[in-house]
$ cat protein.cif   # mmCIF, C-alpha atoms
data_structure
#
loop_
_atom_site.label_atom_id
_atom_site.label_comp_id
_atom_site.auth_asym_id
_atom_site.auth_seq_id
_atom_site.Cartn_x
_atom_site.Cartn_y
_atom_site.Cartn_z
CA MET A 1051 146.12 80.15 120.32
CA ASP A 1052 143.78 82.78 121.73
CA ILE A 1053 145.18 85.55 123.96
CA SER A 1054 142.19 85.19 126.32
CA SER A 1055 143.36 81.73 127.39
CA VAL A 1056 146.68 83.30 128.46
CA PHE A 1057 144.77 85.76 130.64
CA GLN A 1058 142.67 82.90 132.00
CA ILE A 1059 145.78 80.98 133.01
CA ALA A 1060 147.25 84.13 134.57
CA THR A 1061 144.07 84.67 136.62
CA VAL A 1062 144.13 81.09 137.87
CA GLY A 1063 147.79 81.59 138.77
CA ILE A 1064 147.03 84.74 140.77
CA LEU A 1065 144.07 83.17 142.58
CA VAL A 1066 145.99 80.02 143.44
CA ALA A 1067 148.90 82.13 144.70
CA VAL A 1068 146.59 84.13 146.98
CA LEU A 1069 144.87 80.95 148.23
CA ASN A 1070 148.28 79.46 148.91
CA GLN A 1071 149.28 82.51 150.96
CA VAL A 1072 146.02 82.53 152.93
CA LEU A 1073 146.22 78.82 153.75
CA ASN A 1074 149.88 79.04 154.67
CA SER A 1075 149.28 82.00 156.99
CA VAL A 1076 146.89 79.93 159.14
CA GLY A 1077 149.22 76.96 159.19
CA ARG A 1078 147.36 74.70 156.77
CA SER A 1079 150.31 74.00 154.52
CA GLU A 1080 148.93 70.61 153.44
CA GLN A 1081 145.79 72.15 151.97
CA ALA A 1082 147.95 74.91 150.45
CA THR A 1083 150.01 72.30 148.60
CA MET A 1084 146.85 70.53 147.42
CA THR A 1085 145.42 73.82 146.12
CA THR A 1086 148.59 74.57 144.19
CA LEU A 1087 148.53 71.08 142.76
CA ALA A 1088 144.87 71.46 141.73
CA GLY A 1089 145.73 74.76 140.01
CA VAL A 1090 148.57 73.13 138.13
CA VAL A 1091 146.34 70.25 137.02
CA ILE A 1092 143.58 72.61 135.80
CA VAL A 1093 146.03 74.72 133.78
CA LEU A 1094 147.70 71.57 132.43
CA PHE A 1095 144.32 70.35 131.13
CA TRP A 1096 143.95 73.62 129.22
CA VAL A 1097 147.40 73.69 127.67
CA ILE A 1098 148.02 69.99 127.10
CA HIS A 1099 146.79 70.01 123.49
CA HIS A 1100 148.79 73.16 122.75
CA ILE A 1101 151.89 71.39 124.05
CA SER A 1102 151.14 68.33 121.94
CA ASP A 1103 150.71 70.66 118.92
CA LEU A 1104 154.11 72.15 119.67
CA PHE A 1105 155.72 68.73 119.88
CA SER A 1106 154.20 67.56 116.60
CA THR A 1107 155.34 70.81 114.91
CA VAL A 1108 158.87 70.27 116.16
CA GLN A 1109 158.67 66.66 115.00
CA THR A 1110 157.62 67.68 111.46
CA LEU A 1111 160.50 70.16 111.37
CA PHE A 1112 163.04 67.35 111.72
CA GLN A 1113 161.38 65.00 109.23
CA PHE A 1114 163.02 65.17 105.79
CA MET B 508 123.17 85.21 131.11
CA ARG B 509 126.84 84.59 131.66
CA ILE B 510 127.11 87.53 134.08
CA LEU B 511 124.08 86.24 136.01
CA GLY B 512 125.71 82.82 136.40
CA THR B 513 128.98 84.41 137.50
CA ILE B 514 127.22 86.48 140.15
CA LEU B 515 125.26 83.45 141.36
CA ILE B 516 128.37 81.28 141.71
CA ILE B 517 130.40 83.94 143.55
CA LEU B 518 127.45 84.81 145.79
CA SER B 519 126.79 81.20 146.76
CA THR B 520 130.42 80.35 147.51
CA THR B 521 130.80 83.58 149.52
CA LEU B 522 127.71 82.70 151.54
CA LEU B 523 129.00 79.15 152.08
CA GLY B 524 132.33 80.55 153.27
CA THR B 525 130.60 82.92 155.67
CA TYR B 526 128.40 80.10 156.98
CA PHE B 527 131.33 77.75 157.62
CA GLY B 528 133.23 80.59 159.28
CA ASN B 529 130.28 81.31 161.55
CA ILE B 530 129.69 77.71 162.70
CA TYR B 531 132.35 78.23 165.38
CA GLY B 532 130.61 81.49 166.31
CA PHE B 533 127.31 79.66 166.79
CA ARG B 534 129.04 77.23 169.15
CA VAL B 535 130.51 80.12 171.16
CA LYS B 536 127.03 81.68 171.32
CA ASP B 537 125.44 78.44 172.56
CA LEU B 538 128.15 77.95 175.19
CA LYS B 539 127.62 81.52 176.40
CA GLU B 540 123.87 80.96 176.63
CA ILE B 541 124.37 77.79 178.70
CA ARG B 542 126.78 79.70 180.93
CA LYS B 543 124.18 82.45 181.37
CA ALA B 544 121.58 79.79 182.25
CA LEU B 545 123.86 78.36 184.93
CA VAL B 546 124.58 81.79 186.40
CA ILE B 547 120.84 82.47 186.62
CA LEU B 548 120.25 79.01 188.13
CA LYS B 549 122.93 79.71 190.70
CA SER B 550 121.28 82.94 191.78
CA GLU B 551 117.87 81.23 191.81
CA ILE B 552 119.22 78.54 194.14
CA ASP B 553 121.27 80.91 196.26
CA TYR B 554 118.95 83.91 196.76
CA THR B 555 115.38 83.28 195.72
CA GLN B 556 115.43 79.56 196.58
CA SER B 557 112.63 78.91 194.10
CA PRO B 558 111.62 75.35 193.18
CA LEU B 559 113.63 73.82 190.34
CA HIS B 560 110.82 73.75 187.76
CA HIS B 561 110.08 77.41 188.51
CA ALA B 562 113.77 78.31 188.22
CA ALA B 563 114.06 76.40 184.92
CA PHE B 564 111.01 78.23 183.56
CA ASN B 565 112.52 81.59 184.57
CA ILE B 566 115.76 80.66 182.83
CA SER B 567 113.92 79.70 179.64
CA GLU B 568 112.19 83.10 179.66
CA LYS B 569 115.50 84.93 179.86
CA LEU B 570 117.44 83.05 177.18
CA SER B 571 117.31 82.99 173.40
CA MET B 572 116.10 80.21 171.14
CA PRO B 573 117.70 76.76 171.10
CA ILE B 574 118.83 76.84 174.74
CA SER B 575 115.57 78.32 176.02
CA LYS B 576 113.66 75.39 174.49
CA ILE B 577 115.86 72.97 176.45
CA PHE B 578 115.04 74.65 179.76
CA LYS B 579 111.35 74.96 178.91
CA GLU B 580 111.26 71.20 178.24
CA PHE B 581 113.21 70.63 181.48
CA SER B 582 110.68 72.70 183.43
CA ASN B 583 107.74 70.84 181.86
CA LEU B 584 109.28 67.44 182.65
CA LEU B 585 109.90 68.50 186.25
CA LYS B 586 106.26 69.50 186.56
CA GLU B 587 105.38 65.96 185.48
CA LYS B 588 107.45 64.77 188.48
CA VAL B 589 110.32 63.35 186.44
CA PHE B 590 113.53 62.89 188.43
CA PRO B 591 115.72 66.03 187.76
CA PRO B 592 118.86 64.35 186.26
CA ILE B 593 116.71 62.24 183.93
CA ALA B 594 114.60 65.26 183.00
CA LEU B 595 117.71 67.28 182.14
CA GLU B 596 119.20 64.44 180.11
CA LYS B 597 115.93 63.93 178.23
CA SER B 598 115.55 67.62 177.40
CA PHE B 599 119.19 67.85 176.28
CA SER B 600 118.87 64.82 174.02
CA LYS B 601 115.59 66.10 172.58
CA TYR B 602 117.06 69.42 171.40
CA ALA B 603 120.73 68.41 170.99
CA SER B 604 120.52 68.55 167.20
CA ASP B 605 119.29 72.19 167.30
CA THR B 606 122.42 73.36 169.13
CA TYR B 607 126.07 73.44 168.08
CA LEU B 608 127.28 71.82 171.30
CA THR B 609 129.36 68.67 171.20
CA THR B 610 128.81 65.34 172.97
CA ASP B 611 131.65 66.29 175.30
CA ASP B 612 129.74 69.41 176.39
CA PHE B 613 126.58 67.38 176.93
CA TYR B 614 128.50 64.82 178.95
CA GLN B 615 129.78 67.59 181.24
CA LEU B 616 126.33 69.18 181.52
CA ASN B 617 124.69 65.83 182.29
CA SER B 618 127.23 65.10 184.99
CA PHE B 619 126.29 68.48 186.46
CA GLY B 620 122.63 67.45 186.17
CA LYS B 621 123.25 64.33 188.25
CA THR B 622 123.73 66.50 191.34
CA LEU B 623 120.53 68.50 190.75
CA GLY B 624 118.10 68.00 193.61
CA TYR B 625 120.66 66.03 195.60
CA LEU B 626 121.94 66.95 199.10
CA ASP B 627 122.25 70.60 200.13
CA LYS B 628 122.51 74.05 198.57
CA ASN B 629 126.31 74.26 198.84
CA LEU B 630 126.81 71.11 196.79
CA GLN B 631 124.53 72.46 194.05
CA ILE B 632 126.35 75.78 193.94
CA SER B 633 129.82 74.25 193.88
CA THR B 634 128.90 71.91 191.00
CA ILE B 635 127.40 74.85 189.13
CA ASN B 636 130.65 76.76 189.68
CA LEU B 637 132.63 73.80 188.41
CA THR B 638 130.52 73.58 185.27
CA ILE B 639 130.78 77.35 184.73
CA SER B 640 134.58 77.15 184.90
CA TYR B 641 134.51 74.29 182.36
CA LEU B 642 132.31 76.40 180.08
CA ASP B 643 134.63 79.41 180.50
CA GLU B 644 137.55 77.32 179.35
CA ARG B 645 135.62 76.03 176.34
CA ILE B 646 134.39 79.53 175.42
CA GLU B 647 137.92 80.92 175.50
CA GLU B 648 139.25 78.02 173.43
CA GLN B 649 136.43 78.23 170.87
CA MET B 650 136.76 82.02 170.62
CA LEU B 651 140.38 81.65 169.51
CA ILE B 652 139.43 79.00 166.94
CA TYR B 653 136.52 81.16 165.76
CA LEU B 654 138.65 84.26 165.22
CA LYS B 655 141.26 82.21 163.41
CA ASN B 656 138.85 80.39 161.11
CA LYS B 657 136.34 83.13 160.35
CA LYS B 658 138.59 85.14 158.04
CA LEU B 659 140.07 82.00 156.48
CA TYR B 660 136.69 80.59 155.44
CA GLN B 661 135.42 83.92 154.16
CA THR B 662 138.51 84.44 152.00
CA LEU B 663 138.37 80.83 150.83
CA GLY B 664 134.71 81.24 149.86
CA ILE B 665 135.29 84.33 147.72
CA LEU B 666 138.47 83.04 146.11
CA SER B 667 137.08 79.59 145.31
CA GLY B 668 134.06 81.28 143.70
CA LEU B 669 136.36 83.38 141.52
CA LEU B 670 138.40 80.30 140.64
CA VAL B 671 135.32 78.33 139.56
CA VAL B 672 134.14 81.28 137.46
CA VAL B 673 137.52 81.64 135.75
CA VAL B 674 137.68 77.89 135.06
CA LEU B 675 134.14 77.84 133.61
CA ILE B 676 134.39 80.97 131.41
#

$ encode --input "protein.cif" --output "structure tokens"
Amino acid sequence: MDISSVFQIATVGILVAVLNQVLNSVGRSEQATMTTLAGVVIVLFWVIHHISDLFSTVQTLFQF
Amino acid sequence: MRILGTILIILSTTLLGTYFGNIYGFRVKDLKEIRKALVILKSEIDYTQSPLHHAAFNISEKLSMPISKIFKEFSNLLKEKVFPPIALEKSFSKYASDTYLTTDDFYQLNSFGKTLGYLDKNLQISTINLTISYLDERIEEQMLIYLKNKKLYQTLGILSGLLVVVVLI
């Protein structure tokens, strides 16, 4: 796993957090929730195959 | 190449954000122009007592673009002996798409137009005052919305640009 993807995820996290704050401050909490959800979905798309890798590794560990 | 794309994306989303933030500002500007037109019309009726087509032409000279076109058209229609309320309605509907006014505003302005050229001077002036107070209310309301939304849309524009760039890189 490349370190740059970690930074990428961190940047998305920061941006989504700021967007969330901005939208909440003007009373648009619905859009704020949607933005957070979109951020989560984007990051999930990036890491989903890493997670599946992890699960298969754990699975092989317990196979004798 | 990558840097160029990044700059383009951020620039375009920032511009979009600024544009959407300013839409409310354009509406405030148009409302203020209409208000100015009515104030001038009031003084034309009250002091100079010039004919309506002449007054409308004077107003169109003093205002800036989309609203001045409306009054120029109004003046031209009056010269062709069109009945004033119909002339006003026609000129509003012709240039409605160029302005940022809503149908509610046009409804109010047309109902003001119905009294144009009807009965005496006092009636004209009191309907103009009524319309001006309506516009004042709208301007105040829109100004609050404008100030609230301007910053939001600008920030949203920049941040969404950054987000797209980060996702694409």

$ closest_atom_pairs --input "protein.cif" --of "chain B" --to "chain A" --cutoff "8 Å" --atoms "only C-alpha atoms" --output "Markdown table"
| residue | atom | partner | partner_atom | distance |
| --- | --- | --- | --- | --- |
| B:Lys655 | CA | A:Val1076 | CA | 7.4 |
| B:Leu659 | CA | A:Val1072 | CA | 6.9 |
| B:Thr662 | CA | A:Val1072 | CA | 7.8 |
| B:Leu663 | CA | A:Leu1069 | CA | 7.0 |
| B:Leu666 | CA | A:Leu1065 | CA | 6.6 |
| B:Leu669 | CA | A:Leu1065 | CA | 7.8 |
| B:Leu670 | CA | A:Val1062 | CA | 6.4 |
| B:Val673 | CA | A:Gln1058 | CA | 6.5 |
| B:Val674 | CA | A:Gln1058 | CA | 7.7 |

$ closest_residue --input "protein.cif" --among "A:Ala1088, A:Val1097, A:Gly1077, A:Phe1105" --to "B:Val671" --atoms "only C-alpha atoms"
A:Ala1088

$ atom_distance --input "protein.cif" --atom1 "atom CA of B:Phe578" --atom2 "atom CA of B:Glu647"
24.1 Å

$ closest_residue --input "protein.cif" --among "B:Thr622, B:Asn656, B:Ser600, B:Gln615" --to "B:Ser640" --atoms "all atoms listed in the file"
B:Gln615

$ atom_distance --input "protein.cif" --atom1 "atom CA of B:Asn565" --atom2 "atom CA of B:Lys597"
19.1 Å

$ atom_distance --input "protein.cif" --atom1 "atom CA of B:Thr520" --atom2 "atom CA of B:Ser667"
7.1 Å

$ closest_residue --input "protein.cif" --among "B:Leu608, B:Ile676, B:Leu585, B:Ile635" --to "B:Gly620" --atoms "only C-alpha atoms"
B:Ile635

$ axis_aligned_box --input "protein.cif" --around "stretch 545-549 of chain B" --padding-each-side "8 Å" --output "lines of an AutoDock Vina configuration file"
center_x = 122.4
center_y = 80.4
center_z = 187.8
size_x = 20.3
size_y = 20.1
size_z = 21.8

$ residues_around --input "protein.cif" --residues "B:Ser575" --least-positions-apart "3" --cutoff "12 Å" --atoms "all atoms listed in the file" --output "JSON, numbers by chain"
{"B": [537, 540, 541, 543, 544, 563, 564, 565, 566, 567, 568, 569, 570, 571, 572, 578, 579, 580, 581, 582, 598, 599, 602, 605, 606]}

$ resolve_selection --input "protein.cif" --expression "the PyMOL selection byres ((chain B and resi 649) around 12)" --output "list of chain:residue names"
B:Asn529, B:Ile530, B:Tyr531, B:Gly532, B:Phe533, B:Arg534, B:Val535, B:Lys536, B:Asp537, B:Leu538, B:Lys539, B:Tyr607, B:Leu608, B:Thr609, B:Leu642, B:Asp643, B:Glu644, B:Arg645, B:Ile646, B:Glu647, B:Glu648, B:Met650, B:Leu651, B:Ile652, B:Tyr653, B:Leu654, B:Lys655, B:Asn656, B:Lys657

$ build_atoms --input "protein.cif" --residues "stretch 1055-1066 of chain A" --atoms "all heavy atoms" --output "mmCIF file, in the frame of the given file"
data_model
loop_
_atom_site.group_PDB
_atom_site.id
_atom_site.type_symbol
_atom_site.label_atom_id
_atom_site.label_comp_id
_atom_site.auth_asym_id
_atom_site.auth_seq_id
_atom_site.Cartn_x
_atom_site.Cartn_y
_atom_site.Cartn_z
ATOM 1 N N SER A 1055 142.994 82.892 126.568
ATOM 2 C CA SER A 1055 143.360 81.730 127.390
ATOM 3 C C SER A 1055 144.611 82.024 128.224
ATOM 4 O O SER A 1055 144.754 81.507 129.335
ATOM 5 C CB SER A 1055 143.539 80.481 126.533
ATOM 6 O OG SER A 1055 144.563 80.697 125.597
ATOM 7 N N VAL A 1056 145.489 82.892 127.683
ATOM 8 C CA VAL A 1056 146.680 83.300 128.460
ATOM 9 C C VAL A 1056 146.244 84.074 129.703
ATOM 10 O O VAL A 1056 146.727 83.825 130.820
ATOM 11 C CB VAL A 1056 147.622 84.158 127.589
ATOM 12 C CG1 VAL A 1056 148.794 84.657 128.432
ATOM 13 C CG2 VAL A 1056 148.134 83.383 126.419
ATOM 14 N N PHE A 1057 145.279 84.984 129.486
ATOM 15 C CA PHE A 1057 144.770 85.760 130.640
ATOM 16 C C PHE A 1057 144.095 84.849 131.658
ATOM 17 O O PHE A 1057 144.243 85.028 132.868
ATOM 18 C CB PHE A 1057 143.779 86.825 130.165
ATOM 19 C CG PHE A 1057 144.455 88.005 129.530
ATOM 20 C CD1 PHE A 1057 144.068 88.465 128.277
ATOM 21 C CD2 PHE A 1057 145.488 88.672 130.184
ATOM 22 C CE1 PHE A 1057 144.692 89.544 127.692
ATOM 23 C CE2 PHE A 1057 146.112 89.754 129.604
ATOM 24 C CZ PHE A 1057 145.716 90.197 128.359
ATOM 25 N N GLN A 1058 143.361 83.861 131.121
ATOM 26 C CA GLN A 1058 142.670 82.900 132.000
ATOM 27 C C GLN A 1058 143.678 82.168 132.885
ATOM 28 O O GLN A 1058 143.494 82.049 134.104
ATOM 29 C CB GLN A 1058 141.930 81.896 131.127
ATOM 30 C CG GLN A 1058 140.559 81.571 131.633
ATOM 31 C CD GLN A 1058 139.779 80.760 130.632
ATOM 32 O OE1 GLN A 1058 140.275 80.427 129.562
ATOM 33 N NE2 GLN A 1058 138.570 80.435 130.985
ATOM 34 N N ILE A 1059 144.745 81.704 132.259
ATOM 35 C CA ILE A 1059 145.780 80.980 133.010
ATOM 36 C C ILE A 1059 146.427 81.902 134.039
ATOM 37 O O ILE A 1059 146.665 81.513 135.186
ATOM 38 C CB ILE A 1059 146.842 80.411 132.036
ATOM 39 C CG1 ILE A 1059 146.221 79.303 131.186
ATOM 40 C CG2 ILE A 1059 148.040 79.852 132.799
ATOM 41 C CD1 ILE A 1059 147.058 78.910 129.999
ATOM 42 N N ALA A 1060 146.645 83.160 133.638
ATOM 43 C CA ALA A 1060 147.250 84.130 134.570
ATOM 44 C C ALA A 1060 146.343 84.348 135.777
ATOM 45 O O ALA A 1060 146.813 84.385 136.917
ATOM 46 C CB ALA A 1060 147.485 85.442 133.843
ATOM 47 N N THR A 1061 145.016 84.468 135.514
ATOM 48 C CA THR A 1061 144.070 84.670 136.620
ATOM 49 C C THR A 1061 144.082 83.488 137.578
ATOM 50 O O THR A 1061 144.089 83.671 138.797
ATOM 51 C CB THR A 1061 142.641 84.866 136.073
ATOM 52 O OG1 THR A 1061 142.707 85.614 134.873
ATOM 53 C CG2 THR A 1061 141.757 85.567 137.066
ATOM 54 N N VAL A 1062 144.074 82.283 137.008
ATOM 55 C CA VAL A 1062 144.130 81.090 137.870
ATOM 56 C C VAL A 1062 145.413 81.118 138.697
ATOM 57 O O VAL A 1062 145.398 80.835 139.898
ATOM 58 C CB VAL A 1062 144.043 79.794 137.025
ATOM 59 C CG1 VAL A 1062 144.374 78.574 137.867
ATOM 60 C CG2 VAL A 1062 142.668 79.644 136.439
ATOM 61 N N GLY A 1063 146.513 81.502 138.049
ATOM 62 C CA GLY A 1063 147.790 81.590 138.770
ATOM 63 C C GLY A 1063 147.720 82.540 139.938
ATOM 64 O O GLY A 1063 148.133 82.202 141.060
ATOM 65 N N ILE A 1064 147.136 83.736 139.698
ATOM 66 C CA ILE A 1064 147.030 84.740 140.770
ATOM 67 C C ILE A 1064 146.165 84.210 141.913
ATOM 68 O O ILE A 1064 146.548 84.267 143.089
ATOM 69 C CB ILE A 1064 146.449 86.065 140.231
ATOM 70 C CG1 ILE A 1064 147.446 86.714 139.273
ATOM 71 C CG2 ILE A 1064 146.118 87.021 141.372
ATOM 72 C CD1 ILE A 1064 146.858 87.835 138.464
ATOM 73 N N LEU A 1065 144.996 83.656 141.542
ATOM 74 C CA LEU A 1065 144.070 83.170 142.580
ATOM 75 C C LEU A 1065 144.697 82.046 143.403
ATOM 76 O O LEU A 1065 144.580 82.020 144.633
ATOM 77 C CB LEU A 1065 142.766 82.682 141.937
ATOM 78 C CG LEU A 1065 141.839 83.786 141.430
ATOM 79 C CD1 LEU A 1065 140.659 83.182 140.704
ATOM 80 C CD2 LEU A 1065 141.348 84.636 142.583
ATOM 81 N N VAL A 1066 145.359 81.131 142.724
ATOM 82 C CA VAL A 1066 145.990 80.020 143.440
ATOM 83 C C VAL A 1066 147.100 80.541 144.351
ATOM 84 O O VAL A 1066 147.260 80.078 145.488
ATOM 85 C CB VAL A 1066 146.516 78.952 142.452
ATOM 86 C CG1 VAL A 1066 147.441 77.967 143.139
ATOM 87 C CG2 VAL A 1066 145.362 78.200 141.831
#
